[in-house]
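Undergrad: This structure is in structure tokens; I'll ask about it shortly.
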Amino acid sequence: TSSIIIIVSMTETNKPTAIEGLTIDIGLLAAHGVSLVTLALIIKEAAAFSNATEALAFYGVYHREPGNQLIHFFGVPGILWSGIIFLVHLNVPFLSNNKTIQSLLPGSQQLTYGLILALVYLVFYLNIDPFGGSLYAPIIYAMYSSACYLHQQDQGKSGSKSWVGTGKLLKYAFFLHVFSWYIQIHWGHKIIEGAQPAVLDSIGGALTVAPLFAYYEFLWLIGLNQDLQMQTLQAVQQKTLEICAAGNSAMRVCETLTSS
């Protein structure tokens, strides 16, 4: 990890330096910056969606093909889980050492960006759809708790206080993250769907809704919450027609709708 050593010399009547050896970890600062921006985007978009149909329809427009949906069913959890693994490496500055906050967390848990992200998803999904949110709660908990476990194991093996631990866990998470994005964008969208990914329309909206959409594809497959499925399909069709009417040639489905 790159770092800059800043030596601050404060001399007074030829006295030695008062502060020296202050280390600024550029990698750590960048990690905090990316984490804060990502959380801000997700929270902003979560506040913009008023109900489950609106949220699912936004994402569903770009995921009409069953093959693309299947890829996202595996790819989206891969992105989310690897993202949480990265975020549990980072304690929230100032707040993580707050005694009141620490007293609310079980065991040796720390207030990390990973915990905040998991709570944001849980609260958002429960708010727009209590039924789906309740069923998704064990999944987001499993992702978070497993990420914490792997992080603790990696830190124990490193024998150091570095936030990256051995670095192996972050590398594995990085490869999973990149691979999950690749199969969705290249195979799912370019080859199967013939449409741009939702992340190009709104990165915050895509990150916010994708996990719930991928999960609901499974719930609908087994016959749960069919009313929401019908409402979402109608909203997807309407939104698709509006996009195609506006001359969006980036969606292959527009060719079919235009000719019909």
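By convention here, the chains of the structure tokens are called A, B, ... in the order presented, each chain's residues are numbered starting at 1, and ligands are numbered starting at 1 in the order presented.
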Pick out each residue of stretch 53-239 of chain A that DSSP on the backbone tags as alpha helix (DSSP H); I need them as a ChimeraX atom specification.

TA: /A:53-60,66-87,99-104,113-128,130-158,168-182,203-221,226-239

Undergrad: Quick one: everything within 9 Å of A:Leu39, counting only C-alpha atoms, minus sequence neighbours fewer than 2 positions away in the same chain. Send it as a ChimeraX atom specification.

TA: /A:34-37,41-44,113,116-117,120,204

Undergrad: Include N, CA, C and O atoms and write out the residues we just selected as an mmCIF file, in the first residue's frame.

TA:
data_model
loop_
_atom_site.group_PDB
_atom_site.id
_atom_site.type_symbol
_atom_site.label_atom_id
_atom_site.label_comp_id
_atom_site.auth_asym_id
_atom_site.auth_seq_id
_atom_site.Cartn_x
_atom_site.Cartn_y
_atom_site.Cartn_z
ATOM 1 N N VAL A 34 -13.744 5.977 -1.498
ATOM 2 C CA VAL A 34 -14.609 5.142 -2.339
ATOM 3 C C VAL A 34 -15.796 4.621 -1.533
ATOM 4 O O VAL A 34 -16.933 4.590 -2.017
ATOM 5 N N SER A 35 -15.542 4.223 -0.300
ATOM 6 C CA SER A 35 -16.610 3.686 0.554
ATOM 7 C C SER A 35 -17.673 4.744 0.830
ATOM 8 O O SER A 35 -18.878 4.466 0.746
ATOM 9 N N LEU A 36 -17.248 5.949 1.152
ATOM 10 C CA LEU A 36 -18.194 7.026 1.462
ATOM 11 C C LEU A 36 -19.019 7.410 0.239
ATOM 12 O O LEU A 36 -20.238 7.613 0.336
ATOM 13 N N VAL A 37 -18.370 7.501 -0.922
ATOM 14 C CA VAL A 37 -19.089 7.847 -2.148
ATOM 15 C C VAL A 37 -20.106 6.773 -2.496
ATOM 16 O O VAL A 37 -21.261 7.070 -2.851
ATOM 17 N N LEU A 41 -24.193 7.295 -2.655
ATOM 18 C CA LEU A 41 -24.984 7.038 -3.857
ATOM 19 C C LEU A 41 -26.149 6.093 -3.566
ATOM 20 O O LEU A 41 -27.278 6.312 -4.012
ATOM 21 N N ILE A 42 -25.855 5.029 -2.808
ATOM 22 C CA ILE A 42 -26.893 4.048 -2.499
ATOM 23 C C ILE A 42 -27.980 4.657 -1.618
ATOM 24 O O ILE A 42 -29.183 4.468 -1.864
ATOM 25 N N ILE A 43 -27.577 5.405 -0.601
ATOM 26 C CA ILE A 43 -28.553 6.030 0.304
ATOM 27 C C ILE A 43 -29.401 7.055 -0.448
ATOM 28 O O ILE A 43 -30.622 7.137 -0.253
ATOM 29 N N LYS A 44 -28.776 7.830 -1.317
ATOM 30 C CA LYS A 44 -29.502 8.843 -2.104
ATOM 31 C C LYS A 44 -30.559 8.199 -2.978
ATOM 32 O O LYS A 44 -31.711 8.667 -3.021
ATOM 33 N N TYR A 113 -17.954 0.221 7.485
ATOM 34 C CA TYR A 113 -18.796 0.578 6.345
ATOM 35 C C TYR A 113 -19.622 -0.623 5.894
ATOM 36 O O TYR A 113 -20.722 -0.458 5.367
ATOM 37 N N ILE A 116 -22.765 -0.716 7.974
ATOM 38 C CA ILE A 116 -23.673 0.352 7.549
ATOM 39 C C ILE A 116 -24.366 -0.027 6.243
ATOM 40 O O ILE A 116 -25.576 0.152 6.090
ATOM 41 N N LEU A 117 -23.595 -0.582 5.292
ATOM 42 C CA LEU A 117 -24.184 -0.972 4.018
ATOM 43 C C LEU A 117 -25.258 -2.038 4.215
ATOM 44 O O LEU A 117 -26.346 -1.957 3.635
ATOM 45 N N VAL A 120 -28.325 -0.439 5.646
ATOM 46 C CA VAL A 120 -29.017 0.397 4.656
ATOM 47 C C VAL A 120 -29.886 -0.467 3.749
ATOM 48 O O VAL A 120 -31.063 -0.153 3.504
ATOM 49 N N GLY A 204 -26.141 4.569 -8.751
ATOM 50 C CA GLY A 204 -26.710 4.425 -7.412
ATOM 51 C C GLY A 204 -27.976 3.595 -7.421
ATOM 52 O O GLY A 204 -28.183 2.725 -6.573
#

Undergrad: Which residues are close to A:Gly167, i.e. within 10 Å by only C-alpha atoms, leaving aside same-chain residues fewer than 2 positions away? Reply as a VMD selection string.

TA: chain A and resid 1 154 to 155 158 162 to 165 169 to 172

Undergrad: What lies within 12 Å of A:Phe73 using only C-alpha atoms, ignoring chain neighbours under 6 positions off, as a ChimeraX atom specification?

TA: /A:63,66-67,79-80,180,183-184,188,210-219,221

Undergrad: Write out, as a short mmCIF file (atom, residue, chain, number, x, y, z; two decimals), in the first residue's frame, the residues just selected, with N, CA and C atoms.

TA:
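Saved the output as selection.cif:
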data_model
loop_
_atom_site.label_atom_id
_atom_site.label_comp_id
_atom_site.auth_asym_id
_atom_site.auth_seq_id
_atom_site.Cartn_x
_atom_site.Cartn_y
_atom_site.Cartn_z
N HIS A 63 -33.39 -5.85 -17.85
CA HIS A 63 -33.20 -7.27 -17.54
C HIS A 63 -34.48 -8.04 -17.86
N PRO A 66 -34.60 -14.00 -19.81
CA PRO A 66 -34.35 -14.98 -18.74
C PRO A 66 -32.88 -15.34 -18.56
N GLY A 67 -32.13 -15.43 -19.67
CA GLY A 67 -30.71 -15.75 -19.56
C GLY A 67 -29.94 -14.68 -18.83
N ILE A 79 -21.18 -9.50 -6.49
CA ILE A 79 -20.76 -8.10 -6.35
C ILE A 79 -21.02 -7.60 -4.94
N LEU A 80 -22.21 -7.88 -4.43
CA LEU A 80 -22.58 -7.39 -3.10
C LEU A 80 -21.70 -8.00 -2.02
N SER A 180 -17.77 -10.89 -11.53
CA SER A 180 -19.22 -10.74 -11.45
C SER A 180 -19.71 -9.60 -12.34
N ILE A 183 -19.29 -10.85 -16.26
CA ILE A 183 -20.28 -11.77 -16.82
C ILE A 183 -21.63 -11.08 -16.99
N GLN A 184 -21.92 -10.10 -16.16
CA GLN A 184 -23.20 -9.40 -16.30
C GLN A 184 -23.18 -8.43 -17.48
N GLY A 188 -24.29 -11.02 -20.08
CA GLY A 188 -25.70 -10.73 -19.82
C GLY A 188 -26.28 -9.64 -20.69
N ALA A 210 -30.49 -3.77 -7.45
CA ALA A 210 -30.06 -5.04 -8.04
C ALA A 210 -30.20 -6.25 -7.11
N PRO A 211 -29.74 -6.19 -5.86
CA PRO A 211 -29.87 -7.38 -5.00
C PRO A 211 -31.32 -7.83 -4.80
N LEU A 212 -32.22 -6.86 -4.61
CA LEU A 212 -33.62 -7.22 -4.40
C LEU A 212 -34.24 -7.78 -5.68
N PHE A 213 -33.89 -7.22 -6.83
CA PHE A 213 -34.43 -7.71 -8.11
C PHE A 213 -33.98 -9.14 -8.36
N ALA A 214 -32.68 -9.39 -8.18
CA ALA A 214 -32.15 -10.74 -8.40
C ALA A 214 -32.82 -11.74 -7.46
N TYR A 215 -33.08 -11.31 -6.23
CA TYR A 215 -33.71 -12.19 -5.26
C TYR A 215 -35.18 -12.44 -5.62
N TYR A 216 -35.85 -11.38 -6.09
CA TYR A 216 -37.26 -11.53 -6.44
C TYR A 216 -37.47 -12.40 -7.66
N GLU A 217 -36.48 -12.46 -8.54
CA GLU A 217 -36.59 -13.38 -9.67
C GLU A 217 -36.75 -14.81 -9.18
N PHE A 218 -36.06 -15.12 -8.08
CA PHE A 218 -36.20 -16.46 -7.49
C PHE A 218 -37.56 -16.63 -6.82
N LEU A 219 -38.00 -15.60 -6.08
CA LEU A 219 -39.29 -15.68 -5.40
C LEU A 219 -40.43 -15.85 -6.41
N LEU A 221 -40.13 -17.13 -9.36
CA LEU A 221 -39.97 -18.44 -9.99
C LEU A 221 -40.69 -19.53 -9.19
#

Undergrad: So which residues touch stretch 54-60 of chain A within 8 Å, counting only C-alpha atoms, skipping near sequence neighbours fewer than 6 positions away, as a list of chain:residue names?

TA: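 Contacts, with the query itself left out: A:Ala198, A:Ala206, A:Val209, A:Ala210, A:Leu212, A:Phe213, A:Thr232, A:Leu233, A:Ala235, A:Val236, A:Lys239.
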
Undergrad: Skip stretch 135-142 of chain A itself and residues of its chain fewer than 2 positions away, then list as a ChimeraX atom specification all residues within 9 Å of it, counting only C-alpha atoms.

TA: /A:81,118-119,121-122,125-126,130-133,144-147,212,215

Undergrad: Now that the selection is made, can you save its residues with N, CA and C atoms as a PDB file, in the first residue's frame?

TA:
ATOM      1  N   TRP A  81     -21.528  -9.311  -2.061  1.00  0.00           N
ATOM      2  CA  TRP A  81     -20.740  -9.979  -1.018  1.00  0.00           C
ATOM      3  C   TRP A  81     -19.281  -9.531  -1.048  1.00  0.00           C
ATOM      4  N   ALA A 118     -24.965  -3.044   5.021  1.00  0.00           N
ATOM      5  CA  ALA A 118     -25.937  -4.113   5.272  1.00  0.00           C
ATOM      6  C   ALA A 118     -27.212  -3.546   5.903  1.00  0.00           C
ATOM      7  N   LEU A 119     -27.067  -2.615   6.837  1.00  0.00           N
ATOM      8  CA  LEU A 119     -28.230  -2.009   7.494  1.00  0.00           C
ATOM      9  C   LEU A 119     -29.026  -1.143   6.525  1.00  0.00           C
ATOM     10  N   TYR A 121     -29.321  -1.559   3.250  1.00  0.00           N
ATOM     11  CA  TYR A 121     -30.096  -2.459   2.401  1.00  0.00           C
ATOM     12  C   TYR A 121     -31.296  -3.025   3.165  1.00  0.00           C
ATOM     13  N   LEU A 122     -31.061  -3.447   4.384  1.00  0.00           N
ATOM     14  CA  LEU A 122     -32.129  -4.064   5.167  1.00  0.00           C
ATOM     15  C   LEU A 122     -33.266  -3.075   5.417  1.00  0.00           C
ATOM     16  N   TYR A 125     -35.120  -2.180   2.022  1.00  0.00           N
ATOM     17  CA  TYR A 125     -35.978  -3.252   1.506  1.00  0.00           C
ATOM     18  C   TYR A 125     -37.195  -3.478   2.394  1.00  0.00           C
ATOM     19  N   LEU A 126     -37.004  -3.389   3.702  1.00  0.00           N
ATOM     20  CA  LEU A 126     -38.146  -3.530   4.607  1.00  0.00           C
ATOM     21  C   LEU A 126     -39.133  -2.387   4.436  1.00  0.00           C
ATOM     22  N   PRO A 130     -42.106  -4.917   2.950  1.00  0.00           N
ATOM     23  CA  PRO A 130     -41.875  -5.673   4.190  1.00  0.00           C
ATOM     24  C   PRO A 130     -41.779  -7.178   3.971  1.00  0.00           C
ATOM     25  N   PHE A 131     -42.585  -7.710   3.044  1.00  0.00           N
ATOM     26  CA  PHE A 131     -42.568  -9.144   2.783  1.00  0.00           C
ATOM     27  C   PHE A 131     -41.221  -9.574   2.200  1.00  0.00           C
ATOM     28  N   GLY A 132     -40.846  -8.959   1.096  1.00  0.00           N
ATOM     29  CA  GLY A 132     -39.576  -9.310   0.465  1.00  0.00           C
ATOM     30  C   GLY A 132     -38.381  -8.963   1.338  1.00  0.00           C
ATOM     31  N   GLY A 133     -38.463  -7.819   2.029  1.00  0.00           N
ATOM     32  CA  GLY A 133     -37.369  -7.414   2.902  1.00  0.00           C
ATOM     33  C   GLY A 133     -37.142  -8.383   4.042  1.00  0.00           C
ATOM     34  N   TYR A 144     -23.002 -10.515   5.471  1.00  0.00           N
ATOM     35  CA  TYR A 144     -22.234  -9.662   6.385  1.00  0.00           C
ATOM     36  C   TYR A 144     -21.458 -10.488   7.401  1.00  0.00           C
ATOM     37  N   SER A 145     -22.112 -11.468   8.023  1.00  0.00           N
ATOM     38  CA  SER A 145     -21.447 -12.253   9.066  1.00  0.00           C
ATOM     39  C   SER A 145     -20.306 -13.089   8.486  1.00  0.00           C
ATOM     40  N   SER A 146     -20.491 -13.636   7.294  1.00  0.00           N
ATOM     41  CA  SER A 146     -19.416 -14.416   6.670  1.00  0.00           C
ATOM     42  C   SER A 146     -18.252 -13.517   6.276  1.00  0.00           C
ATOM     43  N   ALA A 147     -18.559 -12.297   5.828  1.00  0.00           N
ATOM     44  CA  ALA A 147     -17.499 -11.347   5.495  1.00  0.00           C
ATOM     45  C   ALA A 147     -16.689 -10.992   6.735  1.00  0.00           C
ATOM     46  N   LEU A 212     -32.218  -6.857  -4.609  1.00  0.00           N
ATOM     47  CA  LEU A 212     -33.618  -7.221  -4.396  1.00  0.00           C
ATOM     48  C   LEU A 212     -34.236  -7.785  -5.676  1.00  0.00           C
ATOM     49  N   TYR A 215     -33.076 -11.313  -6.227  1.00  0.00           N
ATOM     50  CA  TYR A 215     -33.714 -12.190  -5.255  1.00  0.00           C
ATOM     51  C   TYR A 215     -35.177 -12.441  -5.622  1.00  0.00           C
TER      52      TYR A 215
END

Undergrad: One decimal, in Å: what's the spacing between atom CA of A:Gln152 and atom CA of A:Leu115?

TA: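 Atom CA of A:Gln152 sits 14.4 Å away from atom CA of A:Leu115.
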
Undergrad: Nearest residue to A:His186 out of A:Gln231, A:Ala173, A:Ile71, A:Gly33, using only C-alpha atoms?

TA: A:Ile71

Undergrad: Provide the atom CA of A:Gln229 to atom CA of A:Ile84 distance in Å, to one decimal place.

TA: 28.4 Å

Undergrad: Determine which residues of stretch 10-246 of chain A DSSP labels as strand (DSSP E) from the backbone of this structure, then write them out as a PyMOL selection string.

TA: chain A and resi 19-25

Undergrad: Next, the residues of the selection above should be written as an mmCIF file, in the first residue's frame with C-alpha atoms.

TA:
data_model
loop_
_atom_site.group_PDB
_atom_site.id
_atom_site.type_symbol
_atom_site.label_atom_id
_atom_site.label_comp_id
_atom_site.auth_asym_id
_atom_site.auth_seq_id
_atom_site.Cartn_x
_atom_site.Cartn_y
_atom_site.Cartn_z
ATOM 1 C CA ILE A 19 6.337 16.398 15.191
ATOM 2 C CA GLU A 20 7.906 13.917 12.864
ATOM 3 C CA GLY A 21 7.115 10.611 11.228
ATOM 4 C CA LEU A 22 3.442 11.362 10.558
ATOM 5 C CA THR A 23 2.285 8.646 8.119
ATOM 6 C CA ILE A 24 -0.529 9.173 5.679
ATOM 7 C CA ASP A 25 -1.701 5.956 4.022
#

Undergrad: Kindly give the distance, in Å, that separates atom CA of A:Ser82 and atom CA of A:Gln109, rounded to a single decimal.

TA: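 Atom-to-atom, atom CA of A:Ser82 to atom CA of A:Gln109, that is 18.9 Å.
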
Undergrad: Identify which of the residues A:Asp129, A:Glu242, A:Asp227, A:Glu65 lies closest to A:Ala195, counting only C-alpha atoms when measuring atom-to-atom distances.

TA: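 Among the listed residues, A:Glu65 lies closest to A:Ala195.
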